[in-house]
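K.L.:
Following this line is model-v5.txt, made up of compact mmCIF, C-alpha atoms:
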```txt
# COMPACT_ATOMS: atom_id res chain seq x y z
CA MET G 1 0.00 0.00 0.00
CA LEU G 2 1.28 3.46 -0.88
CA THR G 3 -0.30 5.61 1.77
CA ALA G 4 1.16 8.25 4.04
CA GLY G 5 1.91 6.76 7.44
CA LEU G 6 2.02 3.16 6.23
CA THR G 7 5.04 1.02 5.51
CA ILE G 8 5.84 0.87 1.83
CA PRO G 9 6.94 -2.55 0.57
CA THR G 10 10.51 -2.82 -0.62
CA VAL G 11 10.60 -2.74 -4.39
CA ILE G 12 13.32 -4.69 -6.16
CA SER G 13 13.83 -3.36 -9.65
CA SER G 14 15.37 -5.45 -12.39
CA ALA G 15 17.75 -3.59 -14.68
CA SER G 16 17.05 -6.14 -17.36
CA ALA G 17 13.36 -5.25 -17.29
CA GLY G 18 14.15 -1.94 -18.97
CA THR G 19 12.78 1.46 -18.02
CA ARG G 20 9.66 3.48 -18.78
CA GLU G 21 9.08 7.19 -18.83
CA VAL G 22 6.81 8.23 -15.98
CA LEU G 23 4.26 10.80 -17.13
CA ALA G 24 3.33 13.77 -14.96
CA VAL G 25 -0.44 14.22 -15.25
CA ALA G 26 -1.73 17.49 -13.83
CA HIS G 27 -4.93 16.63 -11.94
CA ARG G 28 -7.64 19.10 -12.93
CA GLY G 29 -4.69 21.13 -14.13
CA ALA G 30 -2.01 22.17 -11.66
CA SER G 31 -4.80 22.34 -9.08
CA GLY G 32 -2.47 22.64 -6.11
CA TYR G 33 -1.48 26.05 -7.43
CA ALA G 34 -4.57 27.40 -9.22
CA PRO G 35 -8.33 26.75 -9.13
CA GLU G 36 -9.09 23.30 -10.51
CA ASN G 37 -10.47 22.79 -14.02
CA THR G 38 -9.84 26.39 -15.07
CA ILE G 39 -7.68 27.88 -17.79
CA ALA G 40 -5.41 29.22 -15.03
CA ALA G 41 -4.77 25.70 -13.73
CA PHE G 42 -4.23 24.28 -17.21
CA ASP G 43 -1.87 27.12 -18.16
CA LYS G 44 0.09 26.50 -14.96
CA ALA G 45 0.43 22.81 -15.89
CA VAL G 46 1.84 23.78 -19.28
CA GLU G 47 4.22 26.22 -17.60
CA MET G 48 5.38 23.40 -15.28
CA LYS G 49 5.96 21.17 -18.31
CA ALA G 50 3.50 18.49 -17.25
CA ASP G 51 2.97 15.76 -19.83
CA PHE G 52 -0.83 15.82 -19.57
CA ILE G 53 -3.63 17.86 -18.12
CA GLU G 54 -6.51 15.87 -16.64
CA LEU G 55 -9.99 17.40 -16.66
CA ASP G 56 -13.60 16.47 -15.89
CA VAL G 57 -16.42 16.88 -18.36
CA GLN G 58 -20.17 17.11 -17.74
CA LEU G 59 -23.18 18.45 -19.65
CA SER G 60 -25.04 21.67 -19.01
CA LYS G 61 -28.82 21.80 -19.20
CA ASP G 62 -28.58 22.92 -22.83
CA GLY G 63 -26.06 20.26 -23.83
CA GLU G 64 -22.72 22.08 -23.64
CA LEU G 65 -19.68 20.09 -22.48
CA ALA G 66 -18.60 21.95 -19.35
CA ILE G 67 -15.32 21.36 -17.51
CA ILE G 68 -16.12 20.89 -13.82
CA HIS G 69 -15.56 18.09 -11.31
CA ASP G 70 -18.52 18.09 -8.91
CA THR G 71 -22.06 17.44 -10.12
CA THR G 72 -23.01 20.70 -8.40
CA VAL G 73 -21.36 24.11 -8.70
CA ASP G 74 -21.47 24.83 -4.98
CA ARG G 75 -17.88 23.98 -3.97
CA THR G 76 -15.89 25.57 -6.79
CA THR G 77 -17.97 28.59 -7.78
CA ASP G 78 -20.02 31.36 -6.21
CA GLY G 79 -23.21 29.70 -7.42
CA THR G 80 -25.45 26.86 -6.30
CA GLY G 81 -27.24 24.03 -8.05
CA ALA G 82 -26.65 20.98 -10.17
CA VAL G 83 -24.58 21.30 -13.33
CA LYS G 84 -27.26 19.47 -15.30
CA ASP G 85 -29.90 22.00 -14.22
CA LEU G 86 -27.98 25.09 -15.35
CA THR G 87 -27.57 26.38 -18.89
CA PHE G 88 -24.04 27.00 -20.05
CA GLU G 89 -24.72 30.74 -20.01
CA GLN G 90 -25.56 30.37 -16.33
CA LEU G 91 -22.47 28.25 -15.68
CA ARG G 92 -20.26 30.72 -17.53
CA SER G 93 -21.54 33.60 -15.41
CA LEU G 94 -20.17 32.01 -12.24
CA ASP G 95 -16.85 32.92 -10.62
CA ALA G 96 -14.80 29.71 -10.55
CA GLY G 97 -11.65 31.21 -9.04
CA THR G 98 -12.28 33.27 -5.93
CA TRP G 99 -13.00 30.21 -3.77
CA PHE G 100 -9.34 29.23 -4.29
CA SER G 101 -7.81 32.69 -3.98
CA PRO G 102 -8.85 36.29 -4.64
CA ALA G 103 -5.98 36.38 -7.14
CA TYR G 104 -8.10 34.16 -9.40
CA ALA G 105 -11.33 36.15 -9.21
CA GLY G 106 -13.20 35.98 -12.49
CA GLU G 107 -11.93 32.58 -13.66
CA ARG G 108 -14.72 30.89 -15.59
CA ILE G 109 -15.88 27.36 -16.31
CA PRO G 110 -14.48 26.47 -19.75
CA THR G 111 -15.96 24.20 -22.40
CA LEU G 112 -14.24 21.07 -23.64
CA GLY G 113 -13.96 22.66 -27.08
CA GLU G 114 -12.13 25.68 -25.68
CA VAL G 115 -9.66 23.45 -23.86
CA LEU G 116 -9.04 21.30 -26.93
CA ASP G 117 -8.46 24.38 -29.09
CA ARG G 118 -6.14 26.06 -26.57
CA TYR G 119 -3.95 23.09 -25.65
CA ARG G 120 -3.85 20.76 -28.63
CA GLY G 121 -0.26 20.24 -29.65
CA LYS G 122 0.99 21.84 -26.41
CA ILE G 123 0.23 19.14 -23.85
CA GLY G 124 -1.56 15.80 -23.63
CA ILE G 125 -5.21 15.89 -22.56
CA LEU G 126 -6.79 13.24 -20.32
CA ILE G 127 -10.57 13.64 -20.36
CA GLU G 128 -12.58 12.11 -17.52
CA ILE G 129 -16.26 11.56 -18.30
CA LYS G 130 -17.94 12.46 -15.01
CA ALA G 131 -21.20 10.92 -13.77
CA PRO G 132 -22.25 9.73 -17.25
CA TRP G 133 -25.45 8.21 -15.85
CA LEU G 134 -26.69 11.79 -15.48
CA TYR G 135 -25.90 12.63 -19.10
CA PRO G 136 -27.12 10.03 -21.61
CA GLY G 137 -25.17 10.39 -24.84
CA ILE G 138 -22.25 12.31 -23.35
CA GLU G 139 -19.76 9.87 -24.88
CA ARG G 140 -20.98 10.75 -28.38
CA LYS G 141 -20.76 14.47 -27.63
CA VAL G 142 -17.17 14.14 -26.44
CA ALA G 143 -16.34 12.07 -29.52
CA ASP G 144 -17.94 14.68 -31.78
CA GLU G 145 -15.71 17.43 -30.33
CA LEU G 146 -12.64 15.34 -31.12
CA VAL G 147 -13.82 14.40 -34.61
CA LYS G 148 -14.63 18.05 -35.39
CA ARG G 149 -10.98 18.89 -34.73
CA GLN G 150 -9.59 15.77 -36.42
CA MET G 151 -8.32 14.62 -33.05
CA ASP G 152 -9.98 11.22 -33.39
CA VAL G 153 -7.02 9.58 -35.13
CA PRO G 154 -3.97 8.27 -33.30
CA ASN G 155 -2.05 11.33 -32.16
CA ASN G 156 0.98 10.02 -30.30
CA GLY G 157 -1.31 9.09 -27.41
CA LYS G 158 -1.92 12.76 -26.61
CA ILE G 159 -5.66 12.28 -26.05
CA MET G 160 -7.00 9.80 -23.49
CA ILE G 161 -10.47 9.14 -22.09
CA GLN G 162 -11.20 7.69 -18.66
CA SER G 163 -14.11 7.19 -16.27
CA PHE G 164 -15.06 5.44 -13.07
CA ASP G 165 -18.09 4.24 -15.05
CA HIS G 166 -16.59 1.40 -17.06
CA GLY G 167 -19.71 1.09 -19.19
CA SER G 168 -19.12 4.67 -20.31
CA VAL G 169 -15.52 3.81 -21.20
CA GLN G 170 -16.75 0.90 -23.32
CA ARG G 171 -19.35 3.08 -25.03
CA PHE G 172 -16.73 5.66 -25.92
CA HIS G 173 -14.33 2.97 -27.14
CA ALA G 174 -17.06 1.62 -29.45
CA ILE G 175 -17.46 5.09 -30.99
CA LEU G 176 -13.77 5.99 -31.39
CA PRO G 177 -11.72 2.81 -31.00
CA ASP G 178 -8.44 4.52 -31.92
CA ILE G 179 -8.48 6.84 -28.89
CA PRO G 180 -6.82 5.25 -25.82
CA VAL G 181 -9.18 4.70 -22.89
CA GLY G 182 -8.66 3.94 -19.23
CA VAL G 183 -10.69 2.57 -16.34
CA LEU G 184 -10.54 4.40 -13.03
CA THR G 185 -10.62 2.15 -9.96
CA TYR G 186 -10.71 2.70 -6.21
CA LEU G 187 -11.65 -0.69 -4.73
CA PRO G 188 -9.48 -3.82 -4.41
CA GLU G 189 -12.25 -5.97 -5.91
CA GLN G 190 -11.97 -3.94 -9.11
CA LEU G 191 -8.39 -5.15 -9.55
CA THR G 192 -8.68 -8.92 -9.45
CA GLU G 193 -7.04 -10.92 -12.19
CA ALA G 194 -10.44 -11.59 -13.74
CA LYS G 195 -11.30 -7.89 -13.73
CA LEU G 196 -7.96 -6.91 -15.23
CA ARG G 197 -8.48 -9.40 -18.06
CA GLU G 198 -11.95 -7.95 -18.61
CA TYR G 199 -10.52 -4.43 -18.87
CA ALA G 200 -7.79 -5.58 -21.26
CA ALA G 201 -10.45 -6.45 -23.84
CA TYR G 202 -11.08 -2.73 -24.45
CA ALA G 203 -8.89 -0.52 -22.24
CA ASP G 204 -5.36 0.74 -22.65
CA TYR G 205 -4.98 1.96 -19.06
CA VAL G 206 -5.93 0.90 -15.56
CA ASN G 207 -5.79 3.99 -13.32
CA PRO G 208 -6.16 3.06 -9.63
CA SER G 209 -6.11 5.01 -6.41
CA LEU G 210 -2.50 5.21 -5.27
CA ASN G 211 -3.54 3.30 -2.12
CA LEU G 212 -4.02 0.20 -4.28
CA VAL G 213 -0.72 0.33 -6.17
CA THR G 214 1.74 -2.50 -5.59
CA GLU G 215 4.58 -3.83 -7.69
CA GLN G 216 2.51 -6.99 -8.26
CA LEU G 217 -0.43 -4.99 -9.60
CA VAL G 218 1.84 -3.01 -11.91
CA ASP G 219 3.34 -6.25 -13.24
CA GLN G 220 -0.13 -7.74 -13.81
CA VAL G 221 -1.35 -4.67 -15.69
CA HIS G 222 1.77 -4.59 -17.85
CA SER G 223 1.57 -8.31 -18.56
CA LEU G 224 -1.89 -7.72 -20.07
CA GLY G 225 -0.58 -5.02 -22.39
CA MET G 226 -2.01 -2.07 -20.46
CA GLU G 227 -0.39 0.84 -18.64
CA ILE G 228 -1.11 2.19 -15.18
CA HIS G 229 -1.49 5.76 -13.87
CA ALA G 230 -1.91 6.26 -10.11
CA TRP G 231 -4.06 9.00 -8.57
CA THR G 232 -4.06 11.43 -6.76
CA VAL G 233 -0.68 12.44 -5.35
CA ARG G 234 -0.74 15.40 -2.98
CA ASN G 235 2.32 14.40 -0.93
CA ALA G 236 5.74 14.63 -2.56
CA ALA G 237 7.01 11.73 -0.44
CA LEU G 238 4.76 9.33 -2.34
CA VAL G 239 6.26 10.07 -5.76
CA GLU G 240 9.45 8.03 -5.55
CA PRO G 241 7.76 4.85 -4.23
CA LEU G 242 5.29 5.03 -7.10
CA ILE G 243 8.10 5.46 -9.62
CA GLU G 244 9.91 2.49 -8.07
CA SER G 245 6.77 0.37 -8.32
CA GLY G 246 6.87 0.85 -12.09
CA VAL G 247 3.81 3.00 -12.77
CA ASP G 248 3.59 4.70 -16.15
CA GLY G 249 2.07 7.93 -14.91
CA ILE G 250 1.37 9.88 -11.73
CA ILE G 251 -1.79 11.96 -11.54
CA THR G 252 -1.11 14.82 -9.16
CA ASP G 253 -2.29 18.26 -8.10
CA TYR G 254 1.40 19.24 -8.09
CA PRO G 255 2.94 18.22 -11.42
CA ASP G 256 6.30 19.64 -10.36
CA TYR G 257 6.52 16.85 -7.76
CA VAL G 258 7.25 14.40 -10.58
CA PRO G 259 10.88 14.73 -11.73
CA ARG G 260 11.31 15.70 -15.36
CA ASN G 261 12.12 12.69 -17.53
CA ALA G 262 11.61 10.35 -14.59
CA LYS G 263 12.06 6.71 -15.47
CA SER G 264 10.60 3.72 -13.67
CA GLY G 265 12.67 0.60 -13.24
CA LYS G 266 10.01 -1.68 -14.69
```
Here is a file; write its structure as structure tokens.
P.N.:
Amino acid sequence: MLTAGLTIPTVISSASAGTREVLAVAHRGASGYAPENTIAAFDKAVEMKADFIELDVQLSKDGELAIIHDTTVDRTTDGTGAVKDLTFEQLRSLDAGTWFSPAYAGERIPTLGEVLDRYRGKIGILIEIKAPWLYPGIERKVADELVKRQMDVPNNGKIMIQSFDHGSVQRFHAILPDIPVGVLTYLPEQLTEAKLREYAAYADYVNPSLNLVTEQLVDQVHSLGMEIHAWTVRNAALVEPLIESGVDGIITDYPDYVPRNAKSGK
């Protein structure tokens, strides 16, 4: 288990196993330094030379793909209510920065299209489909935004899709099979050998809570031809053990915690 306060198992790396680049994935942007899921946070991630920005996508009442994590606006804006019950005009009118710091007053909720247009070619983009059971058809809408920009063809792995809802991941994969997809997991029972084999039929990534990462799990995921990104690192002391375990990516609020050009020993 890789958890603060717990003993971390000794990891024995094999030089003959080769090395892998460990990607720094900026969780909701560089959200330790700027308000999550805003242009400010994504710009900060680019400035810090993260490999990817991770973001959350939901649908407004009028069908716009809005970038926000919670299913309500209460925590990260000056508004109240469910995302699905507000038009995008209403969402856009909210202040999404002051809650974090007065220095970010006036930050707004962006659309997926705006993020794709601003960052394509500058940084990888990991799109999490949030609460898809609330938004029937959201997978198609996300796919349409990528197709519109000709980002639906293999692009050096610079676009990824993930979700805790594995049915949503499969639906997206059926629409755009060339875009890499990942399953998010947070329970041990989601990481049995049988489950991993099930994921391998359609997924390119298994992305577990860092509390579940072990060298054995990393080896299992790799043996099935998938990669593994651990989330969410908010303690710099957890970075090196994750690298030693052989993970392919670290999803973190602080992308500068991950050393540039870090290599795992797996």
K.L.:
For a test of reading the model, state the distance in Å between atom CA of G:Arg92 and atom CA of G:Pro132, rounded to one decimal.
P.N.:
21.1 Å
K.L.:
Neighbours of stretch 158-170 of chain G within 7 Å (only C-alpha atoms; same-chain residues fewer than 3 positions away dropped), as an NGL selection string?
P.N.:
:G and (124-130 or 132 or 139 or 155 or 173-174 or 179-185 or 202)
K.L.:
Output as AutoDock Vina command-line options the centre and edge lengths (Å, one decimal) of the box along x, y and z of the file that holds every listed atom of stretch 219-236 of chain G after adding 8 Å on each side.
P.N.:
```
--center_x 0.8 --center_y 3.5 --center_z -11.7 --size_x 25.8 --size_y 39.7 --size_z 37.5
```
K.L.:
What is the atom CA of G:Ile250-atom CA of G:Leu55 distance in Å, reported with one decimal?
P.N.:
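These two atoms are separated by 14.5 Å.
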K.L.:
I'd like the neighbourhood of G:Lys49 as a PyMOL selection string, where a residue qualifies if any of its atoms comes within 9 Å (using all atoms listed in the file), though same-chain residues fewer than 3 positions away should be ignored.
P.N.:
chain G and resi 24+44-46+52+123+255-256+260
K.L.:
Could you dump the residues just selected with C-alpha atoms as an mmCIF file, in the frame of the given file?
P.N.:
```
data_model
loop_
_atom_site.group_PDB
_atom_site.id
_atom_site.type_symbol
_atom_site.label_atom_id
_atom_site.label_comp_id
_atom_site.auth_asym_id
_atom_site.auth_seq_id
_atom_site.Cartn_x
_atom_site.Cartn_y
_atom_site.Cartn_z
ATOM 1 C CA ALA G 24 3.330 13.770 -14.960
ATOM 2 C CA LYS G 44 0.090 26.500 -14.960
ATOM 3 C CA ALA G 45 0.430 22.810 -15.890
ATOM 4 C CA VAL G 46 1.840 23.780 -19.280
ATOM 5 C CA PHE G 52 -0.830 15.820 -19.570
ATOM 6 C CA ILE G 123 0.230 19.140 -23.850
ATOM 7 C CA PRO G 255 2.940 18.220 -11.420
ATOM 8 C CA ASP G 256 6.300 19.640 -10.360
ATOM 9 C CA ARG G 260 11.310 15.700 -15.360
#
```
K.L.:
Tell me which of G:Arg171, G:Glu47, G:Tyr205, G:Tyr135 sits closest to G:Gly157, counting all atoms listed in the file.
P.N.:
G:Tyr205
K.L.:
Could you jot down the atom CA of G:Val218 to atom CA of G:Ala201 separation for me, Å, one decimal place?
P.N.:
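Between these atoms lies a distance of 17.5 Å.
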K.L.:
Which neighbours of G:Phe100 fall inside 12 Å, counting all atoms listed in the file, when residues of the same chain fewer than 2 positions from it are skipped, and could you give them as a VMD selection string?
P.N.:
chain G and resid 31 to 38 40 to 41 75 to 78 95 to 98 102 to 107
K.L.:
Which residues come within 12 Å of G:Thr192, counting all atoms listed in the file, excluding same-chain residues fewer than 3 positions away, as a compact mmCIF listing (two decimals) with C-alpha atoms, in the frame of the given file?
P.N.:
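Writing done, so here's around-v5.txt:
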```
# COMPACT_ATOMS: atom_id res chain seq x y z
CA THR G 185 -10.62 2.15 -9.96
CA LEU G 187 -11.65 -0.69 -4.73
CA PRO G 188 -9.48 -3.82 -4.41
CA GLU G 189 -12.25 -5.97 -5.91
CA LYS G 195 -11.30 -7.89 -13.73
CA LEU G 196 -7.96 -6.91 -15.23
CA ARG G 197 -8.48 -9.40 -18.06
CA GLU G 198 -11.95 -7.95 -18.61
CA TYR G 199 -10.52 -4.43 -18.87
CA VAL G 206 -5.93 0.90 -15.56
CA LEU G 212 -4.02 0.20 -4.28
CA GLN G 216 2.51 -6.99 -8.26
CA LEU G 217 -0.43 -4.99 -9.60
CA GLN G 220 -0.13 -7.74 -13.81
CA VAL G 221 -1.35 -4.67 -15.69
```
K.L.:
Determine the nearest neighbour of G:Phe172 from the options G:Arg149, G:Asp144, G:Ala194, G:Asn211, counting all atoms listed in the file.
P.N.:
G:Asp144
K.L.:
Pick out the residues sitting within 7 Å of G:Thr87, and hand them over as an MDAnalysis selection string; count all atoms listed in the file, and ignore anything fewer than 5 positions along from it in its own chain.
P.N.:
chainID G and resid 60:62
K.L.:
Select, from G:Glu215, G:Asp70, G:Glu21, G:Asp204, the residue with the minimum atom-to-atom distance to G:Val57, counting all atoms listed in the file.
P.N.:
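Once distances to G:Val57 are computed over all atoms listed in the file, the minimum belongs to G:Asp70.
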K.L.:
Output stretch 210-230 of chain G as a PDB file, in the frame of the given file, making sure N, CA, C and O atoms are there.
P.N.:
```
ATOM      1  N   LEU G 210      -3.882   5.543  -5.637  1.00  0.00           N
ATOM      2  CA  LEU G 210      -2.500   5.210  -5.270  1.00  0.00           C
ATOM      3  C   LEU G 210      -2.453   4.239  -4.085  1.00  0.00           C
ATOM      4  O   LEU G 210      -1.481   3.490  -3.927  1.00  0.00           O
ATOM      5  N   ASN G 211      -3.500   4.212  -3.256  1.00  0.00           N
ATOM      6  CA  ASN G 211      -3.540   3.300  -2.120  1.00  0.00           C
ATOM      7  C   ASN G 211      -3.543   1.836  -2.545  1.00  0.00           C
ATOM      8  O   ASN G 211      -3.249   0.955  -1.729  1.00  0.00           O
ATOM      9  N   LEU G 212      -3.902   1.573  -3.790  1.00  0.00           N
ATOM     10  CA  LEU G 212      -4.020   0.200  -4.280  1.00  0.00           C
ATOM     11  C   LEU G 212      -2.798  -0.246  -5.077  1.00  0.00           C
ATOM     12  O   LEU G 212      -2.720  -1.408  -5.488  1.00  0.00           O
ATOM     13  N   VAL G 213      -1.849   0.652  -5.296  1.00  0.00           N
ATOM     14  CA  VAL G 213      -0.720   0.330  -6.170  1.00  0.00           C
ATOM     15  C   VAL G 213       0.312  -0.524  -5.435  1.00  0.00           C
ATOM     16  O   VAL G 213       0.777  -0.171  -4.345  1.00  0.00           O
ATOM     17  N   THR G 214       0.640  -1.655  -6.041  1.00  0.00           N
ATOM     18  CA  THR G 214       1.740  -2.500  -5.590  1.00  0.00           C
ATOM     19  C   THR G 214       2.558  -2.896  -6.816  1.00  0.00           C
ATOM     20  O   THR G 214       2.079  -2.801  -7.948  1.00  0.00           O
ATOM     21  N   GLU G 215       3.752  -3.361  -6.579  1.00  0.00           N
ATOM     22  CA  GLU G 215       4.580  -3.830  -7.690  1.00  0.00           C
ATOM     23  C   GLU G 215       3.877  -4.986  -8.409  1.00  0.00           C
ATOM     24  O   GLU G 215       3.929  -5.078  -9.638  1.00  0.00           O
ATOM     25  N   GLN G 216       3.212  -5.853  -7.649  1.00  0.00           N
ATOM     26  CA  GLN G 216       2.510  -6.990  -8.260  1.00  0.00           C
ATOM     27  C   GLN G 216       1.403  -6.511  -9.190  1.00  0.00           C
ATOM     28  O   GLN G 216       1.239  -7.026 -10.301  1.00  0.00           O
ATOM     29  N   LEU G 217       0.630  -5.509  -8.748  1.00  0.00           N
ATOM     30  CA  LEU G 217      -0.430  -4.990  -9.600  1.00  0.00           C
ATOM     31  C   LEU G 217       0.149  -4.382 -10.871  1.00  0.00           C
ATOM     32  O   LEU G 217      -0.363  -4.630 -11.974  1.00  0.00           O
ATOM     33  N   VAL G 218       1.217  -3.613 -10.736  1.00  0.00           N
ATOM     34  CA  VAL G 218       1.840  -3.010 -11.910  1.00  0.00           C
ATOM     35  C   VAL G 218       2.279  -4.095 -12.898  1.00  0.00           C
ATOM     36  O   VAL G 218       2.029  -4.000 -14.104  1.00  0.00           O
ATOM     37  N   ASP G 219       2.892  -5.156 -12.374  1.00  0.00           N
ATOM     38  CA  ASP G 219       3.340  -6.250 -13.240  1.00  0.00           C
ATOM     39  C   ASP G 219       2.161  -6.919 -13.945  1.00  0.00           C
ATOM     40  O   ASP G 219       2.237  -7.258 -15.131  1.00  0.00           O
ATOM     41  N   GLN G 220       1.053  -7.110 -13.213  1.00  0.00           N
ATOM     42  CA  GLN G 220      -0.130  -7.740 -13.810  1.00  0.00           C
ATOM     43  C   GLN G 220      -0.687  -6.877 -14.947  1.00  0.00           C
ATOM     44  O   GLN G 220      -1.018  -7.383 -16.020  1.00  0.00           O
ATOM     45  N   VAL G 221      -0.808  -5.584 -14.684  1.00  0.00           N
ATOM     46  CA  VAL G 221      -1.350  -4.670 -15.690  1.00  0.00           C
ATOM     47  C   VAL G 221      -0.452  -4.673 -16.932  1.00  0.00           C
ATOM     48  O   VAL G 221      -0.930  -4.769 -18.069  1.00  0.00           O
ATOM     49  N   HIS G 222       0.835  -4.582 -16.722  1.00  0.00           N
ATOM     50  CA  HIS G 222       1.770  -4.590 -17.850  1.00  0.00           C
ATOM     51  C   HIS G 222       1.734  -5.905 -18.610  1.00  0.00           C
ATOM     52  O   HIS G 222       1.835  -5.918 -19.850  1.00  0.00           O
ATOM     53  N   SER G 223       1.578  -7.005 -17.893  1.00  0.00           N
ATOM     54  CA  SER G 223       1.570  -8.310 -18.560  1.00  0.00           C
ATOM     55  C   SER G 223       0.371  -8.469 -19.488  1.00  0.00           C
ATOM     56  O   SER G 223       0.397  -9.271 -20.424  1.00  0.00           O
ATOM     57  N   LEU G 224      -0.685  -7.677 -19.239  1.00  0.00           N
ATOM     58  CA  LEU G 224      -1.890  -7.720 -20.070  1.00  0.00           C
ATOM     59  C   LEU G 224      -1.866  -6.650 -21.161  1.00  0.00           C
ATOM     60  O   LEU G 224      -2.862  -6.433 -21.844  1.00  0.00           O
ATOM     61  N   GLY G 225      -0.732  -5.990 -21.309  1.00  0.00           N
ATOM     62  CA  GLY G 225      -0.580  -5.020 -22.390  1.00  0.00           C
ATOM     63  C   GLY G 225      -1.156  -3.654 -22.092  1.00  0.00           C
ATOM     64  O   GLY G 225      -1.320  -2.841 -23.014  1.00  0.00           O
ATOM     65  N   MET G 226      -1.465  -3.375 -20.840  1.00  0.00           N
ATOM     66  CA  MET G 226      -2.010  -2.070 -20.460  1.00  0.00           C
ATOM     67  C   MET G 226      -0.968  -1.288 -19.660  1.00  0.00           C
ATOM     68  O   MET G 226       0.034  -1.838 -19.215  1.00  0.00           O
ATOM     69  N   GLU G 227      -1.244  -0.005 -19.474  1.00  0.00           N
ATOM     70  CA  GLU G 227      -0.390   0.840 -18.640  1.00  0.00           C
ATOM     71  C   GLU G 227      -1.180   1.276 -17.418  1.00  0.00           C
ATOM     72  O   GLU G 227      -2.402   1.067 -17.332  1.00  0.00           O
ATOM     73  N   ILE G 228      -0.486   1.885 -16.464  1.00  0.00           N
ATOM     74  CA  ILE G 228      -1.110   2.190 -15.180  1.00  0.00           C
ATOM     75  C   ILE G 228      -0.695   3.584 -14.706  1.00  0.00           C
ATOM     76  O   ILE G 228       0.488   3.910 -14.667  1.00  0.00           O
ATOM     77  N   HIS G 229      -1.706   4.410 -14.402  1.00  0.00           N
ATOM     78  CA  HIS G 229      -1.490   5.760 -13.870  1.00  0.00           C
ATOM     79  C   HIS G 229      -2.148   5.814 -12.486  1.00  0.00           C
ATOM     80  O   HIS G 229      -3.342   5.521 -12.356  1.00  0.00           O
ATOM     81  N   ALA G 230      -1.401   6.213 -11.489  1.00  0.00           N
ATOM     82  CA  ALA G 230      -1.910   6.260 -10.110  1.00  0.00           C
ATOM     83  C   ALA G 230      -2.406   7.656  -9.768  1.00  0.00           C
ATOM     84  O   ALA G 230      -1.807   8.650 -10.158  1.00  0.00           O
TER      85      ALA G 230
END
```
